[in-house]
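**Q** Contents of query10.txt (compact mmCIF, C-alpha atoms):
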```
# COMPACT_ATOMS: atom_id res chain seq x y z
CA MET A 13 -107.24 -8.66 172.11
CA THR A 14 -108.83 -11.54 173.94
CA GLN A 15 -112.15 -13.01 172.83
CA SER A 16 -113.92 -11.66 175.94
CA ALA A 17 -112.57 -8.15 175.33
CA ALA A 18 -113.73 -8.26 171.73
CA LEU A 19 -117.13 -9.46 172.83
CA ARG A 20 -117.37 -6.70 175.40
CA GLU A 21 -116.48 -4.11 172.77
CA GLN A 22 -119.19 -5.44 170.46
CA VAL A 23 -121.71 -5.28 173.29
CA GLU A 24 -120.75 -1.66 173.98
CA GLN A 25 -121.09 -0.80 170.27
CA VAL A 26 -124.53 -2.40 170.11
CA ALA A 27 -125.58 -0.46 173.25
CA ALA A 28 -124.30 2.79 171.73
CA LEU A 29 -126.16 2.08 168.49
CA ARG A 30 -129.31 1.30 170.44
CA GLU A 31 -129.03 4.60 172.37
CA GLU A 32 -128.47 6.50 169.10
CA ALA A 33 -131.49 4.79 167.53
CA GLN A 34 -133.59 5.62 170.57
CA ARG A 35 -132.41 9.27 170.47
CA LEU A 36 -133.29 9.53 166.78
CA THR A 37 -136.67 7.93 167.45
CA TYR A 38 -137.41 10.54 170.13
CA GLN A 39 -136.30 13.35 167.79
CA LEU A 40 -138.49 12.01 164.98
CA LYS A 41 -141.46 11.70 167.31
CA ALA A 42 -140.97 15.25 168.62
CA ALA A 43 -140.66 16.61 165.07
CA SER A 44 -143.80 14.73 164.07
CA GLU A 45 -145.69 16.13 167.06
CA ARG A 46 -144.52 19.67 166.22
CA SER A 47 -145.59 19.17 162.62
CA GLU A 48 -149.01 17.95 163.73
CA ALA A 49 -149.34 20.90 166.13
CA ASP A 50 -148.37 23.31 163.35
CA ARG A 51 -150.91 21.68 161.04
CA ARG A 52 -153.67 22.01 163.66
CA GLU A 53 -152.75 25.65 164.27
CA LEU A 54 -152.80 26.34 160.54
CA VAL A 55 -156.25 24.78 160.22
CA ARG A 56 -157.47 26.77 163.23
CA LEU A 57 -156.16 30.05 161.79
CA ARG A 58 -157.62 29.29 158.38
CA ASP A 59 -161.03 28.54 159.88
CA ARG A 60 -160.94 31.71 161.97
CA LEU A 61 -160.03 33.79 158.92
CA ALA A 62 -162.84 32.19 156.91
CA GLN A 63 -165.30 32.94 159.72
CA GLN A 64 -164.17 36.57 159.98
CA THR A 65 -164.47 37.00 156.22
CA TYR A 66 -167.96 35.52 156.29
CA GLN A 67 -169.02 37.75 159.18
CA GLN A 68 -167.69 40.96 157.61
CA PRO A 69 -170.45 42.97 155.93
CA GLN A 70 -170.19 42.80 152.19
CA ALA A 71 -169.75 46.08 150.35
CA GLN A 72 -173.15 47.15 149.09
CA PRO A 73 -173.53 48.83 145.71
CA GLU A 74 -174.30 52.52 145.84
CA ASP A 75 -178.01 53.11 146.26
CA ASN A 76 -178.73 55.38 143.31
CA PRO A 77 -182.24 56.87 143.28
CA PHE A 78 -182.39 56.78 139.47
CA ASP A 79 -181.50 53.08 139.45
CA ARG A 80 -184.12 52.48 142.13
CA GLU A 81 -186.83 54.26 140.17
CA HIS A 82 -185.96 53.36 136.58
CA GLY A 83 -183.80 50.24 136.84
CA PRO A 84 -180.07 49.41 136.74
CA GLY A 85 -178.03 51.71 134.53
CA ALA A 86 -180.30 54.75 134.81
CA GLY A 87 -178.03 56.34 137.39
CA ALA A 88 -175.02 55.98 135.10
CA LYS A 89 -176.90 57.68 132.23
CA VAL A 90 -177.78 60.64 134.43
CA ARG A 91 -174.25 60.80 135.82
CA HIS A 92 -172.74 60.89 132.32
CA ALA A 93 -175.22 63.55 131.18
CA LYS A 94 -174.27 65.64 134.21
CA HIS A 95 -170.52 65.26 133.62
CA LEU A 96 -170.85 66.13 129.94
CA GLY A 97 -173.01 69.16 130.73
CA PHE A 98 -170.47 70.36 133.26
CA ALA A 99 -167.70 70.00 130.67
CA LEU A 100 -169.66 72.23 128.26
CA ILE A 101 -170.18 74.90 130.92
CA ASN A 102 -166.54 74.68 132.04
CA HIS A 103 -165.36 74.97 128.42
CA ALA A 104 -167.45 78.13 127.95
CA ALA A 105 -166.04 79.59 131.16
CA ASN A 106 -162.55 79.18 129.73
CA HIS A 107 -163.35 80.39 126.18
CA GLN A 108 -164.97 83.81 126.55
CA GLY A 109 -168.36 82.20 127.08
CA GLN A 110 -168.31 80.20 123.85
CA PHE A 111 -169.73 76.69 124.06
CA PRO A 112 -167.83 73.90 122.24
CA ALA A 113 -168.87 72.34 118.96
CA SER A 114 -168.30 68.77 120.18
CA PHE A 115 -167.80 66.65 123.25
CA ALA A 116 -164.23 66.06 122.06
CA GLU A 117 -163.57 69.79 122.53
CA ALA A 118 -165.21 69.69 125.94
CA ALA A 119 -163.36 66.56 127.13
CA PRO A 120 -160.41 68.42 128.74
CA PHE A 121 -162.92 70.37 130.83
CA LEU A 122 -164.54 67.46 132.66
CA HIS A 123 -164.61 68.04 136.40
CA ASP A 124 -161.15 67.84 138.00
CA ASP A 125 -162.50 65.77 140.88
CA LEU A 126 -163.46 62.91 138.56
CA SER A 127 -161.13 59.90 138.51
CA GLU A 128 -159.48 59.00 135.23
CA ASP A 129 -161.72 55.93 135.09
CA ALA A 130 -164.88 58.04 135.54
CA LYS A 131 -163.72 60.44 132.83
CA ALA A 132 -163.03 57.55 130.45
CA GLN A 133 -166.45 56.00 131.12
CA THR A 134 -168.16 59.34 130.49
CA LEU A 135 -166.35 59.92 127.20
CA GLN A 136 -167.08 56.36 126.06
CA THR A 137 -170.81 57.13 126.30
CA ALA A 138 -170.58 60.60 124.68
CA ASP A 139 -171.86 59.26 121.35
CA GLN A 140 -175.14 58.41 123.12
CA PHE A 141 -175.74 62.13 123.79
CA GLU A 142 -175.96 65.31 121.76
CA ILE A 143 -175.16 68.96 122.45
CA LEU A 144 -178.17 71.26 122.12
CA TYR A 145 -176.49 74.65 122.36
CA TYR A 146 -173.42 76.03 120.60
CA GLY A 147 -173.76 79.75 121.27
CA LEU A 148 -172.49 82.17 123.92
CA ARG A 149 -173.12 81.91 127.63
CA ASP A 150 -174.33 85.53 127.77
CA ASP A 151 -177.17 84.72 125.37
CA LEU A 152 -178.65 82.41 128.01
CA ALA A 153 -178.97 85.08 130.68
CA THR A 154 -182.76 85.35 130.40
CA LEU A 155 -183.41 81.60 130.50
CA PRO A 156 -184.00 79.65 133.73
CA PRO A 157 -180.87 77.50 134.13
CA GLU A 158 -182.67 74.75 136.03
CA SER A 159 -184.94 74.09 133.03
CA THR A 160 -182.65 74.76 130.07
CA ILE A 161 -181.30 71.64 128.34
CA PHE A 162 -177.66 71.53 127.16
CA VAL A 163 -177.22 67.77 126.75
CA ARG A 164 -179.81 65.26 125.55
CA GLU A 165 -179.69 61.50 125.29
CA LYS A 166 -180.27 60.59 121.64
CA GLN A 167 -182.35 57.45 122.04
CA PRO A 168 -185.10 56.87 124.61
CA TRP A 169 -185.22 53.64 126.57
CA LEU A 170 -187.86 51.71 128.50
CA ASP A 171 -187.49 51.59 132.27
CA GLN A 172 -188.63 48.85 134.64
CA GLN A 173 -192.10 50.43 134.87
CA GLY A 174 -192.62 50.41 131.10
CA LYS A 175 -192.06 54.16 130.72
CA TRP A 176 -189.93 55.72 128.01
CA CYS A 177 -187.00 57.67 129.43
CA LYS A 178 -184.27 60.06 128.40
CA ALA A 179 -181.41 61.54 130.40
CA TYR A 180 -180.70 65.27 130.18
CA GLY A 181 -177.92 67.60 131.30
CA MET A 182 -179.20 71.04 132.33
CA SER A 183 -177.51 74.43 132.08
CA ASP A 184 -177.25 74.74 135.87
CA GLY A 185 -174.98 71.67 135.94
CA SER A 186 -177.68 69.27 137.15
CA ALA A 187 -179.05 66.24 135.31
CA ARG A 188 -182.37 64.42 135.26
CA VAL A 189 -184.48 61.71 133.68
CA ARG A 190 -187.66 62.64 131.84
CA THR A 191 -190.30 59.96 131.36
CA SER A 192 -193.10 59.60 128.84
CA ARG A 193 -195.76 56.95 128.29
CA LYS A 194 -195.71 57.32 124.50
CA ASP A 195 -192.06 58.08 123.63
CA ASP A 196 -193.13 61.70 123.04
CA PHE A 197 -190.52 64.12 124.36
CA GLU A 198 -190.69 66.78 121.65
CA LYS A 199 -193.15 69.16 123.31
CA TRP A 200 -191.37 69.07 126.66
CA GLU A 201 -187.98 69.55 125.02
CA SER A 202 -189.00 72.31 122.61
CA ILE A 203 -189.56 74.91 125.33
CA ARG A 204 -186.34 73.97 127.14
CA ILE A 205 -183.80 73.87 124.31
CA PRO A 206 -182.00 77.23 124.12
CA LYS A 207 -182.08 79.04 120.79
CA PRO A 208 -179.18 81.05 119.37
CA LYS A 209 -179.71 84.79 119.83
CA GLU A 210 -180.06 85.51 116.11
CA GLN A 211 -183.05 83.15 115.96
```
Here is a file; write its structure as structure tokens.
**A**
Amino acid sequence: MTQSAALREQVEQVAALREEAQRLTYQLKAASERSEADRRELVRLRDRLAQQTYQQPQAQPEDNPFDREHGPGAGAKVRHAKHLGFALINHAANHQGQFPASFAEAAPFLHDDLSEDAKAQTLQTADQFEILYYGLRDDLATLPPESTIFVREKQPWLDQQGKWCKAYGMSDGSARVRTSRKDDFEKWESIRIPKPKEQ
């Protein structure tokens, strides 16, 4: 091979290398531009998602009238008294009218519509309440169910207005809060607690 031929071959190789370098440079630039575009799109999507999340109304806690009147937690006390009272009534309906001797006996008779979590919460608070009637359902026939107490909260508590309160479960399946200025519930309770027939 002559010197000029070798030189020409080297020139061609350099030109080929230059073209390859230029091609790779273009590819790198295009990849970089795509990466930047992807990054901008990701930021845009993230910002839009954040804005949508901010604009969505936040879930509001249930507006419980007992909480509103007596303070946070009052609604839960009434709810548990109601569930426990229902369990007593349901137990009696399935045991020839006989009311149970304990909340443990009544536990399987909590309302079927309650979630397992709601049942567990109710039973966890059972020691805060007491059963006031252990007799037969038939012996209650002459008493007004809307004012006959089955379940009573053991200890009174002060509400946000400075009143003493207790939660009660009634024989009609309802529940309520009774308030007193002087922590004196005995008179009100005495005429509403059912007595066994033999008494």
**Q** In Å, how far is it from atom CA of Trp169 of chain A to atom CA of Asp125 of chain A?
**A**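 Atom CA of Trp169 of chain A sits 29.5 Å away from atom CA of Asp125 of chain A.
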**Q** So how many Å separate atom CA of Asp124 of chain A and atom CA of Lys178 of chain A, to one decimal?
**A**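 Here the two named atoms are 26.2 Å from each other.
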**Q** May I have the protein, DNA and RNA residues with an atom at most 12 Å from (-189.1, 45.9, 132.8), counting only C-alpha atoms in the file's coordinates, returned as a PyMOL selection string?
**A** chain A and resi 81-84+169-176
**Q** What separation in Å, quoted to one decimal, exists between atom CA of Met182 of chain A and atom CA of Phe111 of chain A?
**A**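 Going from atom CA of Met182 of chain A over to atom CA of Phe111 of chain A covers 13.8 Å.
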**Q** Write out as JSON, numbers by chain the residues lying within 10 Å of segment 88-92 of chain A, counting only C-alpha atoms and excluding same-chain residues fewer than 6 positions away.
**A** {"A": [76, 78, 79, 98, 130, 131, 133, 134, 135, 136, 137, 138, 140, 141, 163, 165, 178, 179, 180, 181, 186, 187, 188, 189]}
**Q** Here's a test: counting only C-alpha atoms, identify every protein, DNA and RNA residue with an atom at most 12 Å from (-184.6, 74.3, 126.8) in the file's coordinate frame, and state them as a ChimeraX atom specification.
**A** /A:143-145,152,154-164,180-184,198-208
